[in-house]
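Source file: work21.csv. Holds: CSV, C-alpha atoms and all ligand atoms.
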chain,number,residue,atom,x,y,z
W,1,MET,CA,-23.7,-10.8,18.3
W,2,ILE,CA,-22.4,-7.9,20.2
W,3,ILE,CA,-22.0,-4.5,18.6
W,4,LYS,CA,-18.7,-2.9,19.1
W,5,VAL,CA,-18.2,0.7,17.8
W,6,ARG,CA,-14.7,2.1,18.1
W,7,PRO,CA,-13.3,5.3,16.7
W,8,ALA,CA,-11.0,5.1,13.8
W,9,LEU,CA,-7.4,5.6,14.9
W,10,CYS,CA,-5.6,6.1,11.7
W,11,HIS,CA,-6.5,8.2,8.6
W,12,GLN,CA,-4.3,7.7,5.6
W,13,ARG,CA,-4.3,10.7,3.3
W,14,TRP,CA,-5.6,10.0,-0.1
W,15,TYR,CA,-2.9,10.0,-2.8
W,16,THR,CA,-3.6,12.1,-5.8
W,17,SER,CA,-2.7,11.8,-9.5
W,18,ASN,CA,-4.0,13.7,-12.5
W,19,ALA,CA,-6.2,11.6,-14.8
W,20,ARG,CA,-9.2,12.1,-16.8
W,21,ASN,CA,-12.1,9.7,-17.1
W,22,ALA,CA,-14.5,9.3,-19.9
W,23,ILE,CA,-16.7,12.1,-18.8
W,24,GLY,CA,-13.9,14.5,-18.5
W,25,CYS,CA,-13.7,15.0,-14.8
W,26,LEU,CA,-10.4,15.4,-13.0
W,27,LEU,CA,-10.0,12.4,-10.7
W,28,PHE,CA,-8.0,11.6,-7.6
W,29,THR,CA,-6.8,8.0,-7.4
W,30,LEU,CA,-6.9,6.1,-4.2
W,31,PHE,CA,-4.4,3.2,-4.2
W,32,THR,CA,-6.4,0.4,-2.8
W,33,GLY,CA,-4.8,-2.7,-4.3
W,34,LEU,CA,-6.7,-5.0,-6.5
W,35,ALA,CA,-8.2,-7.3,-3.9
W,36,ALA,CA,-11.8,-7.4,-4.7
W,37,ALA,CA,-13.7,-10.6,-5.3
W,38,ALA,CA,-11.2,-12.9,-3.9
W,39,THR,CA,-11.7,-16.5,-4.9
W,40,ASP,CA,-11.7,-19.0,-2.1
W,41,ALA,CA,-9.7,-21.9,-3.4
W,42,LYS,CA,-11.2,-24.1,-0.7
W,43,GLN,CA,-14.6,-24.0,-2.1
W,44,GLY,CA,-13.7,-23.5,-5.7
W,45,ALA,CA,-15.9,-20.5,-6.2
W,46,THR,CA,-16.2,-17.0,-5.0
W,47,PRO,CA,-17.8,-17.2,-1.5
W,48,GLU,CA,-20.9,-15.1,-1.0
W,49,PHE,CA,-21.8,-14.7,2.7
W,50,ALA,CA,-25.0,-14.4,4.6
W,51,PHE,CA,-25.7,-14.5,8.3
W,52,TRP,CA,-28.8,-16.2,9.6
W,53,TYR,CA,-29.6,-16.1,13.3
W,54,GLU,CA,-33.2,-17.2,13.1
W,55,ASP,CA,-35.0,-20.5,12.7
W,56,TRP,CA,-34.1,-22.4,9.5
W,57,ARG,CA,-37.2,-23.1,7.4
W,58,SER,CA,-37.8,-24.8,4.1
W,59,ASP,CA,-37.7,-21.4,2.2
W,60,THR,CA,-34.7,-19.9,4.0
W,61,TRP,CA,-32.1,-21.0,1.5
W,62,ALA,CA,-34.0,-19.4,-1.3
W,63,LYS,CA,-34.4,-16.2,0.7
W,64,LEU,CA,-30.6,-16.0,1.2
W,65,GLN,CA,-29.6,-16.4,-2.4
W,66,PRO,CA,-27.2,-15.9,-4.0
W,67,ALA,CA,-25.2,-16.6,-0.8
W,68,ASN,CA,-23.4,-19.9,-0.7
W,69,THR,CA,-21.8,-19.6,2.8
W,70,ILE,CA,-24.3,-19.2,5.6
W,71,ILE,CA,-23.0,-18.1,9.1
W,72,GLY,CA,-24.6,-18.8,12.5
W,73,VAL,CA,-27.0,-21.5,11.5
W,74,PRO,CA,-28.2,-24.4,13.8
W,75,PRO,CA,-27.2,-28.0,13.2
W,76,ALA,CA,-30.7,-28.7,11.8
W,77,ALA,CA,-29.9,-26.4,8.9
W,78,LEU,CA,-26.8,-28.3,7.7
W,79,ALA,CA,-28.5,-31.0,5.6
W,80,ASP,CA,-30.6,-28.5,3.6
W,81,ILE,CA,-27.6,-26.1,3.1
W,82,HIS,CA,-25.4,-29.0,1.9
W,83,SER,CA,-28.1,-30.4,-0.4
W,84,HIS,CA,-27.9,-27.1,-2.2
W,85,GLY,CA,-24.1,-27.2,-2.4
W,86,GLY,CA,-23.7,-24.5,0.2
W,87,ARG,CA,-21.4,-24.3,3.2
W,88,ALA,CA,-22.2,-23.4,6.9
W,89,LEU,CA,-20.1,-21.8,9.6
W,90,ARG,CA,-20.9,-22.4,13.3
W,91,TYR,CA,-21.2,-19.5,15.7
W,92,VAL,CA,-18.9,-19.7,18.7
W,93,THR,CA,-17.0,-17.4,21.1
W,94,PHE,CA,-13.9,-18.1,23.0
W,95,TYR,CA,-13.9,-14.8,24.9
W,96,GLN,CA,-16.7,-15.3,27.4
W,97,ALA,CA,-18.8,-18.2,28.8
W,98,ARG,CA,-21.6,-18.9,31.2
W,99,PHE,CA,-21.9,-21.9,33.6
W,100,GLY,CA,-23.0,-25.1,31.9
W,101,SER,CA,-21.4,-24.3,28.5
W,102,ASP,CA,-18.8,-26.1,26.4
W,103,PHE,CA,-16.0,-24.1,27.8
W,104,LEU,CA,-17.1,-23.3,31.4
W,105,HIS,CA,-18.9,-26.1,33.3
W,106,ASP,CA,-19.7,-24.5,36.7
W,107,GLU,CA,-18.4,-22.0,39.2
W,108,ALA,CA,-15.6,-24.3,40.4
W,109,ASP,CA,-14.5,-24.7,36.8
W,110,LEU,CA,-13.4,-21.0,36.8
W,111,ASP,CA,-10.2,-22.3,38.5
W,112,ASN,CA,-9.4,-24.1,35.3
W,113,VAL,CA,-10.4,-21.6,32.6
W,114,GLY,CA,-11.5,-18.3,34.2
W,115,PHE,CA,-9.4,-15.1,33.8
W,116,HIS,CA,-8.3,-14.1,37.3
W,117,THR,CA,-6.9,-10.7,38.4
W,118,LYS,CA,-6.5,-9.0,41.8
W,119,GLN,CA,-10.3,-8.2,41.6
W,120,GLY,CA,-11.2,-11.9,41.2
W,121,PHE,CA,-12.5,-13.7,38.1
W,122,LEU,CA,-13.3,-11.1,35.4
W,123,GLY,CA,-16.8,-10.7,34.2
W,124,SER,CA,-17.4,-10.2,30.5
W,125,ALA,CA,-17.0,-6.7,29.1
W,126,PHE,CA,-20.5,-7.2,27.7
W,127,GLY,CA,-22.1,-7.9,31.1
W,128,GLY,CA,-24.7,-10.5,31.9
W,129,LYS,CA,-25.2,-12.7,35.0
W,130,ASP,CA,-22.4,-15.4,35.6
W,131,ASN,CA,-20.9,-14.4,32.2
W,132,TYR,CA,-17.1,-14.7,32.6
W,133,VAL,CA,-14.0,-13.9,30.6
W,134,LEU,CA,-12.2,-17.1,29.5
W,135,CYS,CA,-8.4,-17.2,30.0
W,136,SER,CA,-7.1,-17.4,26.5
W,137,ASN,CA,-3.7,-18.5,27.9
W,138,SER,CA,-5.2,-21.5,29.8
W,139,ILE,CA,-3.9,-24.8,28.7
W,140,GLU,CA,-7.1,-26.4,29.7
W,141,LEU,CA,-9.2,-24.0,27.7
W,142,SER,CA,-7.0,-24.6,24.7
W,143,ARG,CA,-7.6,-28.3,25.0
W,144,ARG,CA,-11.4,-27.8,25.2
W,145,VAL,CA,-11.3,-25.4,22.2
W,146,MET,CA,-9.4,-27.8,20.0
W,147,LEU,CA,-11.7,-30.7,20.9
W,148,TYR,CA,-14.7,-28.4,20.1
W,149,VAL,CA,-13.3,-27.4,16.8
W,150,ASP,CA,-12.4,-30.9,15.8
W,151,ARG,CA,-16.0,-32.1,16.8
W,152,THR,CA,-17.6,-29.2,14.9
W,153,ILE,CA,-15.8,-30.0,11.7
W,154,HIS,CA,-15.3,-33.7,11.7
W,155,HIS,CA,-18.4,-34.9,13.6
W,156,ASP,CA,-21.1,-32.3,13.4
W,157,GLY,CA,-20.4,-31.6,9.7
W,158,TYR,CA,-19.9,-27.8,9.7
W,159,ASP,CA,-17.6,-26.3,7.1
W,160,GLY,CA,-16.0,-23.9,9.5
W,161,ILE,CA,-16.4,-21.6,12.5
W,162,PHE,CA,-17.4,-18.0,13.0
W,163,ILE,CA,-15.7,-16.7,16.2
W,164,ASP,CA,-17.7,-13.8,17.6
W,165,ASN,CA,-16.3,-11.2,20.1
W,166,ALA,CA,-12.5,-11.3,19.6
W,167,TYR,CA,-10.7,-10.7,22.9
W,168,GLN,CA,-11.7,-7.5,24.7
W,169,PRO,CA,-10.1,-5.1,27.2
W,170,PRO,CA,-9.3,-5.1,30.0
W,171,ALA,CA,-8.4,-8.8,29.7
W,172,SER,CA,-6.6,-8.3,26.4
W,173,ASP,CA,-4.1,-6.0,28.2
W,174,GLU,CA,-3.7,-7.9,31.5
W,175,VAL,CA,-2.0,-11.1,32.6
W,176,CYS,CA,-4.2,-13.8,34.2
W,177,ASP,CA,-2.8,-14.6,37.7
W,178,ALA,CA,-4.9,-17.8,38.2
W,179,LYS,CA,-3.3,-20.9,39.5
W,180,HIS,CA,-4.1,-23.0,36.4
W,181,SER,CA,-1.3,-23.8,33.9
W,182,HIS,CA,-0.7,-21.3,31.1
W,183,THR,CA,0.6,-21.9,27.6
W,184,THR,CA,2.9,-18.9,27.7
W,185,ASN,CA,3.8,-17.7,31.2
W,186,GLY,CA,3.4,-13.9,31.6
W,187,SER,CA,1.4,-13.4,28.3
W,188,LYS,CA,-1.3,-10.9,28.3
W,189,GLY,CA,-4.8,-12.0,27.3
W,190,GLY,CA,-4.7,-10.4,23.8
W,191,PRO,CA,-1.5,-12.0,22.6
W,192,ALA,CA,-2.5,-15.3,24.2
W,193,TYR,CA,-5.8,-15.1,22.2
W,194,VAL,CA,-3.8,-14.7,18.9
W,195,ASN,CA,-1.8,-17.8,20.0
W,196,LEU,CA,-5.0,-19.7,20.6
W,197,LEU,CA,-6.4,-18.8,17.2
W,198,ASP,CA,-3.0,-19.6,15.6
W,199,GLN,CA,-3.3,-23.1,17.1
W,200,ILE,CA,-6.7,-23.5,15.4
W,201,TYR,CA,-5.5,-22.1,12.2
W,202,ILE,CA,-2.5,-24.4,12.0
W,203,TRP,CA,-4.8,-27.4,12.9
W,204,MET,CA,-7.2,-26.5,10.1
W,205,ARG,CA,-4.5,-26.2,7.5
W,206,LYS,CA,-3.3,-29.7,8.4
W,207,ASP,CA,-6.4,-31.6,9.5
W,208,ALA,CA,-9.3,-29.8,7.8
W,209,PRO,CA,-7.9,-27.8,4.9
W,210,ALA,CA,-11.3,-27.2,3.4
W,211,ALA,CA,-12.6,-25.5,6.6
W,212,THR,CA,-13.0,-21.8,7.0
W,213,ILE,CA,-12.2,-19.7,10.1
W,214,MET,CA,-13.7,-16.2,10.5
W,215,VAL,CA,-13.3,-13.9,13.4
W,216,ASN,CA,-15.4,-10.9,14.4
W,217,ALA,CA,-12.9,-8.3,15.4
W,218,GLY,CA,-15.5,-5.5,15.3
W,219,ASN,CA,-13.3,-3.5,12.9
W,220,PRO,CA,-9.9,-3.5,11.3
W,221,VAL,CA,-8.2,-1.3,14.0
W,222,ALA,CA,-9.2,-3.8,16.7
W,223,ALA,CA,-7.9,-6.6,14.5
W,224,ASP,CA,-4.5,-4.8,14.2
W,225,ALA,CA,-4.4,-4.3,18.0
W,226,LEU,CA,-4.7,-8.1,18.7
W,227,ASN,CA,-1.1,-9.0,18.1
W,228,ASN,CA,1.4,-11.4,19.7
W,229,GLY,CA,4.5,-9.8,18.3
W,230,ARG,CA,4.8,-12.2,15.4
W,231,SER,CA,1.2,-12.4,14.1
W,232,SER,CA,-1.9,-10.3,14.3
W,233,LEU,CA,-5.4,-11.5,14.1
W,234,TRP,CA,-5.3,-11.1,10.4
W,235,ASP,CA,-2.6,-13.8,10.1
W,236,VAL,CA,-4.5,-16.5,12.0
W,237,THR,CA,-7.9,-16.4,10.2
W,238,ASP,CA,-9.3,-16.6,6.7
W,239,TYR,CA,-11.7,-13.7,7.2
W,240,VAL,CA,-12.1,-10.8,9.6
W,241,LEU,CA,-15.6,-9.5,10.1
W,242,TRP,CA,-16.1,-5.7,10.1
W,243,GLU,CA,-19.3,-5.3,11.9
W,244,SER,CA,-21.7,-2.3,11.5
W,245,TYR,CA,-20.2,-1.4,8.2
W,246,ALA,CA,-21.8,1.9,7.1
W,247,PHE,CA,-24.9,1.2,9.1
W,248,SER,CA,-25.1,-0.2,12.7
W,249,SER,CA,-27.7,-2.4,14.2
W,250,HIS,CA,-28.9,0.5,16.3
W,251,ILE,CA,-31.7,2.8,15.1
W,252,GLY,CA,-31.8,6.6,15.4
W,253,MET,CA,-28.6,8.7,15.4
W,254,ALA,CA,-26.2,5.8,16.0
W,255,HIS,CA,-27.4,3.9,12.9
W,256,ASP,CA,-25.5,5.9,10.3
W,257,ARG,CA,-21.7,5.2,10.4
W,258,ILE,CA,-20.9,6.1,6.8
W,259,GLU,CA,-18.4,8.9,7.4
W,260,ALA,CA,-16.3,6.9,9.9
W,261,THR,CA,-16.6,3.7,7.8
W,262,VAL,CA,-15.3,5.4,4.6
W,263,ARG,CA,-12.5,7.1,6.4
W,264,GLN,CA,-11.3,3.8,8.0
W,265,SER,CA,-11.9,1.9,4.8
W,266,GLU,CA,-9.2,3.9,3.0
W,267,SER,CA,-6.3,2.6,5.1
W,268,THR,CA,-7.6,-1.0,5.3
W,269,ALA,CA,-8.2,-1.2,1.5
W,270,SER,CA,-4.6,-0.1,0.9
W,271,SER,CA,-3.2,-2.8,3.2
W,272,SER,CA,-2.6,-6.4,2.4
W,273,HIS,CA,-5.7,-7.4,4.5
W,274,ALA,CA,-8.4,-6.1,2.2
W,275,SER,CA,-9.2,-9.5,0.7
W,276,LYS,CA,-9.9,-10.9,4.2
W,277,VAL,CA,-12.5,-8.3,5.1
W,278,LEU,CA,-16.2,-9.3,5.3
W,279,ALA,CA,-18.2,-6.1,5.7
W,280,LEU,CA,-21.4,-6.7,7.6
W,281,ALA,CA,-23.9,-3.9,7.3
W,282,TYR,CA,-27.2,-3.5,9.0
W,283,PRO,CA,-29.3,-1.7,6.4
W,284,ARG,CA,-32.9,-1.0,7.4
W,285,ASN,CA,-34.2,-0.8,3.8
W,286,TYR,CA,-33.1,-1.3,0.2
W,287,GLU,CA,-31.8,2.3,-0.1
W,288,GLU,CA,-29.3,1.6,2.7
W,289,ALA,CA,-28.5,-1.8,1.4
W,290,ILE,CA,-27.4,-0.7,-2.1
W,291,PHE,CA,-25.5,2.3,-0.5
W,292,SER,CA,-23.5,0.1,1.9
W,293,PHE,CA,-23.0,-2.6,-0.7
W,294,ALA,CA,-21.6,0.0,-3.2
W,295,ILE,CA,-19.2,1.4,-0.5
W,296,ALA,CA,-17.9,-2.0,0.3
W,297,GLN,CA,-17.3,-2.7,-3.5
W,298,LEU,CA,-15.3,0.5,-3.8
W,299,PHE,CA,-12.8,-0.7,-1.3
W,300,GLY,CA,-12.7,-4.3,-2.4
W,301,PHE,CA,-14.5,-5.8,0.6
W,302,GLN,CA,-16.9,-8.7,0.6
W,303,TYR,CA,-20.3,-7.8,1.8
W,304,ALA,CA,-23.2,-9.2,3.9
W,305,ALA,CA,-26.3,-7.6,5.2
W,306,ASN,CA,-28.2,-8.3,8.5
W,307,LEU,CA,-28.7,-11.3,10.6
W,308,GLY,CA,-32.3,-12.1,9.8
W,309,GLU,CA,-35.7,-10.6,9.1
W,310,ASN,CA,-37.6,-10.7,12.4
W,311,ASP,CA,-37.4,-6.9,12.9
W,312,VAL,CA,-38.7,-5.9,9.6
W,313,GLY,CA,-41.5,-3.3,10.1
W,314,THR,CA,-40.7,-2.9,13.8
W,315,ALA,CA,-38.7,-0.3,15.7
W,316,ARG,CA,-36.5,-2.9,17.4
W,317,GLU,CA,-32.8,-2.7,17.2
W,318,GLY,CA,-30.5,-5.7,16.6
W,319,GLY,CA,-29.9,-6.0,12.9
W,320,HIS,CA,-32.7,-8.4,11.8
W,321,PHE,CA,-33.8,-5.7,9.4
W,322,GLY,CA,-34.3,-8.0,6.4
W,323,ILE,CA,-32.4,-9.8,3.7
W,324,PHE,CA,-31.6,-7.8,0.7
W,325,LEU,CA,-29.0,-10.0,-1.1
W,326,ARG,CA,-31.4,-11.1,-3.9
W,327,GLU,CA,-32.1,-7.5,-4.9
W,328,LEU,CA,-28.4,-6.4,-4.9
W,329,PRO,CA,-26.2,-6.5,-8.0
W,330,PRO,CA,-24.4,-9.7,-8.8
W,331,GLN,CA,-20.6,-9.8,-8.1
W,332,LEU,CA,-18.8,-7.3,-10.3
W,333,GLY,CA,-15.6,-9.4,-10.9
W,334,PRO,CA,-12.0,-8.1,-10.5
W,335,PRO,CA,-11.5,-4.3,-10.4
W,336,LYS,CA,-10.3,-2.7,-13.6
W,337,SER,CA,-9.2,0.5,-11.9
W,338,GLU,CA,-8.1,1.9,-8.6
W,339,LEU,CA,-10.6,3.7,-6.5
W,340,GLN,CA,-11.0,7.3,-7.7
W,341,GLN,CA,-12.3,10.5,-6.2
W,342,ILE,CA,-13.7,13.1,-8.5
W,343,ALA,CA,-11.9,16.4,-7.9
W,344,GLY,CA,-13.8,19.0,-6.0
W,345,ALA,CA,-16.6,16.7,-5.0
W,346,ASN,CA,-17.0,13.9,-2.5
W,347,ILE,CA,-17.8,11.4,-5.3
W,348,LEU,CA,-16.0,8.0,-5.4
W,349,GLN,CA,-16.0,5.6,-8.3
W,350,ARG,CA,-14.4,2.4,-9.4
W,351,HIS,CA,-14.6,0.3,-12.5
W,352,PHE,CA,-14.9,-3.5,-12.5
W,353,GLU,CA,-14.9,-6.1,-15.2
W,354,ALA,CA,-18.6,-6.5,-15.0
W,355,GLY,CA,-19.7,-3.1,-13.9
W,356,ASP,CA,-19.1,0.5,-12.6
W,357,VAL,CA,-19.7,1.7,-9.0
W,358,MET,CA,-20.4,5.4,-8.3
W,359,VAL,CA,-21.0,6.6,-4.7
W,360,ASN,CA,-22.1,10.1,-3.9
W,361,LEU,CA,-21.0,11.1,-0.4
W,362,ASP,CA,-21.7,14.8,-1.1
W,363,SER,CA,-24.6,16.9,0.1
W,364,ARG,CA,-25.4,17.7,-3.6
W,365,PRO,CA,-26.7,15.5,-6.4
W,366,TRP,CA,-24.2,14.3,-8.9
W,367,SER,CA,-24.7,13.5,-12.6
W,368,PHE,CA,-22.7,11.1,-14.7
W,369,ARG,CA,-23.0,9.2,-18.0
W,370,THR,CA,-23.1,5.4,-18.1
W,371,SER,CA,-20.1,3.9,-19.9
W,372,ARG,CA,-22.1,0.8,-21.2
W,373,ARG,CA,-25.6,-0.5,-21.4
W,374,GLY,CA,-26.8,-2.7,-18.6
W,375,THR,CA,-28.8,-2.8,-15.4
W,376,LEU,CA,-28.6,0.2,-13.1
W,377,TYR,CA,-29.0,-0.4,-9.4
W,378,SER,CA,-29.9,2.7,-7.3
W,379,ARG,CA,-31.9,3.6,-4.3
W,380,SER,CA,-35.1,3.2,-6.3
W,381,GLY,CA,-34.2,-0.3,-7.4
W,382,ALA,CA,-33.0,-1.9,-10.6
W,383,SER,CA,-33.7,-0.6,-14.1
W,384,HIS,CA,-32.4,-1.0,-17.6
W,385,THR,CA,-29.9,1.6,-18.9
W,386,GLU,CA,-28.4,2.3,-22.3
W,387,GLN,CA,-24.8,3.5,-22.9
W,388,ASN,CA,-24.1,7.2,-22.4
W,389,MET,CA,-27.3,7.8,-20.4
W,390,GLN,CA,-27.2,10.7,-18.0
W,391,ILE,CA,-27.9,9.5,-14.5
W,392,GLU,CA,-28.3,11.7,-11.4
W,393,ILE,CA,-27.3,10.3,-8.1
W,394,PRO,CA,-29.0,11.9,-5.1
W,395,PRO,CA,-26.8,12.9,-2.1
W,396,LYS,CA,-25.7,10.0,0.1
W,397,SER,CA,-26.6,7.3,-2.3
W,398,ALA,CA,-25.0,5.1,-5.0
W,399,ALA,CA,-25.4,3.9,-8.5
W,400,VAL,CA,-24.1,0.5,-9.6
W,401,THR,CA,-24.2,-0.4,-13.3
W,402,VAL,CA,-23.9,-4.1,-14.2
W,403,PHE,CA,-23.0,-4.4,-17.9
W,404,ASP,CA,-25.1,-6.6,-20.2
W,501,ZN,ZN,-5.2,-17.9,33.1
Could you rewrite the structure in this file as structure tokens?
Ligand SMILES: [Zn+2]
Amino acid sequence: MIIKVRPALCHQRWYTSNARNAIGCLLFTLFTGLAAAATDAKQGATPEFAFWYEDWRSDTWAKLQPANTIIGVPPAALADIHSHGGRALRYVTFYQARFGSDFLHDEADLDNVGFHTKQGFLGSAFGGKDNYVLCSNSIELSRRVMLYVDRTIHHDGYDGIFIDNAYQPPASDEVCDAKHSHTTNGSKGGPAYVNLLDQIYIWMRKDAPAATIMVNAGNPVAADALNNGRSSLWDVTDYVLWESYAFSSHIGMAHDRIEATVRQSESTASSSHASKVLALAYPRNYEEAIFSFAIAQLFGFQYAANLGENDVGTAREGGHFGIFLRELPPQLGPPKSELQQIAGANILQRHFEAGDVMVNLDSRPWSFRTSRRGTLYSRSGASHTEQNMQIEIPPKSAAVTVFD
């Protein structure tokens, strides 16, 4: 998985209204829509996602609980996942390919599926030897992609596909001038990519209605930018991955992305797309996991953490920092309020059927009283709490109360 970090391009001002909550604080309300905890009718239950990019072992399923949809697993994992009633999405990318792969056989095959410009066949924006951009407008690539998707679902037994690396500049803004036949003459790579995904999306609705399609756009701004004039990336996929949500897979200064994430979440949460967002955070410890989980809950996004656990206790980058899903709160159910900001402080809160979420983005501690008894999840772990208990949230941390 490639990490893409792009600046937020839009910043919607928070709407305000006067209201008083149970603890008497003046609140600002952020209109976010009530999109949290979307139910996936295809699997009859609320999906809970986990990525797993490591070897599948006999104890992996248990480690990933309560996830029921596992992304990126090898074919050898399918029998175990299905025996537990879970679902599996196959990793694939249609943006780039190396020789000897499903979509690019050898150098001569670039004539059929490579993206050609005046400079020659384009290399991938992510670099790498003999790693080429695929022409999203190529009729031959489209044929190969559709065969691949059909095989993945109907023969190999996957429950869907996870498409990494949505189309990248410069190819997304240029027109391929190769000699091969194109689906839409004169189309730029970006719009042609949306057309290609639309073809898959339509096929799935008809021939594999239970299958899931998810695309890694990097972030919502990039998903908006991929547009063919009729549809954007949002319209041709079941889920859009927002990678590096709150915390990136880097370590050091580039790890913390909280401020930009919160700012960009405001506009996405108030759009019709919120229920399609899967926020993938790369927390390095439980403290970061509960914080990023709580931020995603505020905005109504589904949440996943990390790609594996091989980097636990090391200084390596890459997002294999450990699985925290078992220690995080259970799903909170539908929201019972809009997202609210406490006046004069950078404190956000939202109420759900099964719990309350408070996030302290301020540089000072914040105290509040619990509305009901239950289990309190904070940076120090889970503990029992009674109703009306005073809780202090340290700066840059969260408190999630799950009601008894
Ligand atoms: Zn082309």
Contacts with ligand ZN 501 (chain W) at most 12 Å, only C-alpha atoms and all ligand atoms counted, listed as a ChimeraX atom specification
/W:110-117,120-122,133-142,171-172,174-190,192-193
So how many Å separate CA of Val400 (chain W) and CA of Met358 (chain W), to one decimal?
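So the answer is 6.3 Å.
Minimum distance to Ala279 (chain W) across W:Arg350, W:Glu48, W:Thr401, W:Lys396 (counting only C-alpha atoms) occurs at W:Glu48.
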Select, from W:Leu78, W:Ala50, W:Val92, W:Val215, the residue with the minimum atom-to-atom distance to Tyr282 (chain W), counting all atoms listed in the file.
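That would be W:Ala50, the residue with the smallest distance to Tyr282 (chain W).
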Counting only C-alpha atoms, which of W:Phe321, W:Tyr239, W:Tyr148, W:Phe247 gets nearest to Gln302 (chain W)?
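Result for the nearest residue to Gln302 (chain W): W:Tyr239.
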W:Trp52, W:Phe352, W:Phe94, W:Tyr158 ranked by distance to Phe403 (chain W), top pick (using all atoms listed in the file)
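For Phe403 (chain W), the nearest of the candidates is W:Phe352.
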Please identify all polymer residues within 8 Å of Asn228 (chain W), counting only C-alpha atoms, omitting same-chain residues fewer than 2 positions from it, and present them as a ChimeraX atom specification.
/W:190-192,194-195,226,230-232
Enter the distance from CA of Trp242 (chain W) to CA of Phe126 (chain W), in Å, rounded to one decimal.
18.2 Å
Between CA of Val236 (chain W) and CA of Asp198 (chain W), what is the spacing in Å?
5.0 Å
Selected residue of minimal separation from Gln297 (chain W) among W:His351, W:His155, W:Arg144, W:Lys63, counting all atoms listed in the file:
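The closest residue to Gln297 (chain W) is W:His351.
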Would you list the contacts of Ala217 (chain W) as a PDB file with C-alpha atoms, in the frame of the given file, taking every protein, DNA or RNA residue within 12 Å and counting only C-alpha atoms, but skipping same-chain residues closer than 6 positions in sequence?
ATOM      1  CA  MET W   1     -23.700 -10.800  18.300  1.00  0.00           C
ATOM      2  CA  ILE W   2     -22.400  -7.900  20.200  1.00  0.00           C
ATOM      3  CA  ILE W   3     -22.000  -4.500  18.600  1.00  0.00           C
ATOM      4  CA  LYS W   4     -18.700  -2.900  19.100  1.00  0.00           C
ATOM      5  CA  VAL W   5     -18.200   0.700  17.800  1.00  0.00           C
ATOM      6  CA  ARG W   6     -14.700   2.100  18.100  1.00  0.00           C
ATOM      7  CA  THR W  93     -17.000 -17.400  21.100  1.00  0.00           C
ATOM      8  CA  TYR W  95     -13.900 -14.800  24.900  1.00  0.00           C
ATOM      9  CA  PHE W 162     -17.400 -18.000  13.000  1.00  0.00           C
ATOM     10  CA  ILE W 163     -15.700 -16.700  16.200  1.00  0.00           C
ATOM     11  CA  ASP W 164     -17.700 -13.800  17.600  1.00  0.00           C
ATOM     12  CA  ASN W 165     -16.300 -11.200  20.100  1.00  0.00           C
ATOM     13  CA  ALA W 166     -12.500 -11.300  19.600  1.00  0.00           C
ATOM     14  CA  TYR W 167     -10.700 -10.700  22.900  1.00  0.00           C
ATOM     15  CA  GLN W 168     -11.700  -7.500  24.700  1.00  0.00           C
ATOM     16  CA  GLY W 190      -4.700 -10.400  23.800  1.00  0.00           C
ATOM     17  CA  TYR W 193      -5.800 -15.100  22.200  1.00  0.00           C
ATOM     18  CA  VAL W 194      -3.800 -14.700  18.900  1.00  0.00           C
ATOM     19  CA  ALA W 223      -7.900  -6.600  14.500  1.00  0.00           C
ATOM     20  CA  ASP W 224      -4.500  -4.800  14.200  1.00  0.00           C
ATOM     21  CA  ALA W 225      -4.400  -4.300  18.000  1.00  0.00           C
ATOM     22  CA  LEU W 226      -4.700  -8.100  18.700  1.00  0.00           C
ATOM     23  CA  SER W 232      -1.900 -10.300  14.300  1.00  0.00           C
ATOM     24  CA  LEU W 233      -5.400 -11.500  14.100  1.00  0.00           C
ATOM     25  CA  TRP W 234      -5.300 -11.100  10.400  1.00  0.00           C
ATOM     26  CA  THR W 237      -7.900 -16.400  10.200  1.00  0.00           C
ATOM     27  CA  TYR W 239     -11.700 -13.700   7.200  1.00  0.00           C
ATOM     28  CA  VAL W 240     -12.100 -10.800   9.600  1.00  0.00           C
ATOM     29  CA  LEU W 241     -15.600  -9.500  10.100  1.00  0.00           C
ATOM     30  CA  TRP W 242     -16.100  -5.700  10.100  1.00  0.00           C
ATOM     31  CA  GLU W 243     -19.300  -5.300  11.900  1.00  0.00           C
ATOM     32  CA  SER W 244     -21.700  -2.300  11.500  1.00  0.00           C
ATOM     33  CA  LYS W 276      -9.900 -10.900   4.200  1.00  0.00           C
ATOM     34  CA  VAL W 277     -12.500  -8.300   5.100  1.00  0.00           C
ATOM     35  CA  LEU W 278     -16.200  -9.300   5.300  1.00  0.00           C
ATOM     36  CA  ALA W 279     -18.200  -6.100   5.700  1.00  0.00           C
ATOM     37  CA  LEU W 280     -21.400  -6.700   7.600  1.00  0.00           C
TER      38      LEU W 280
END
Neighbours of Thr268 (chain W) within 9 Å (all atoms listed in the file; same-chain residues fewer than 3 positions away dropped), as a list in words?
Thr32, Pro220, Val221, Gln264, Ser265, Ser271, Ser272, His273, Ala274, Val277 and Phe299 of chain W
Would you kindly return, as a PyMOL selection string, each protein, DNA or RNA residue with an atom no farther than 9 Å from any atom of Ala294 (chain W), considering only C-alpha atoms and excluding same-chain residues fewer than 3 positions away?
chain W and resi 289-291+297-298+357-359+397-400
Identify, on the basis of only C-alpha atoms, every residue whose closest approach to Thr69 (chain W) does not exceed 7 Å; exclude the query and any residue fewer than 6 positions from it along the same chain; express the result as an MDAnalysis selection string.
chainID W and resid 47:50 86:88
Using all atoms listed in the file, which of the listed residues (W:Leu348, W:Glu338, W:Pro329, W:Ala260) sits closest to Val402 (chain W)?
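Using all atoms listed in the file, Val402 (chain W) sits closest to W:Pro329.
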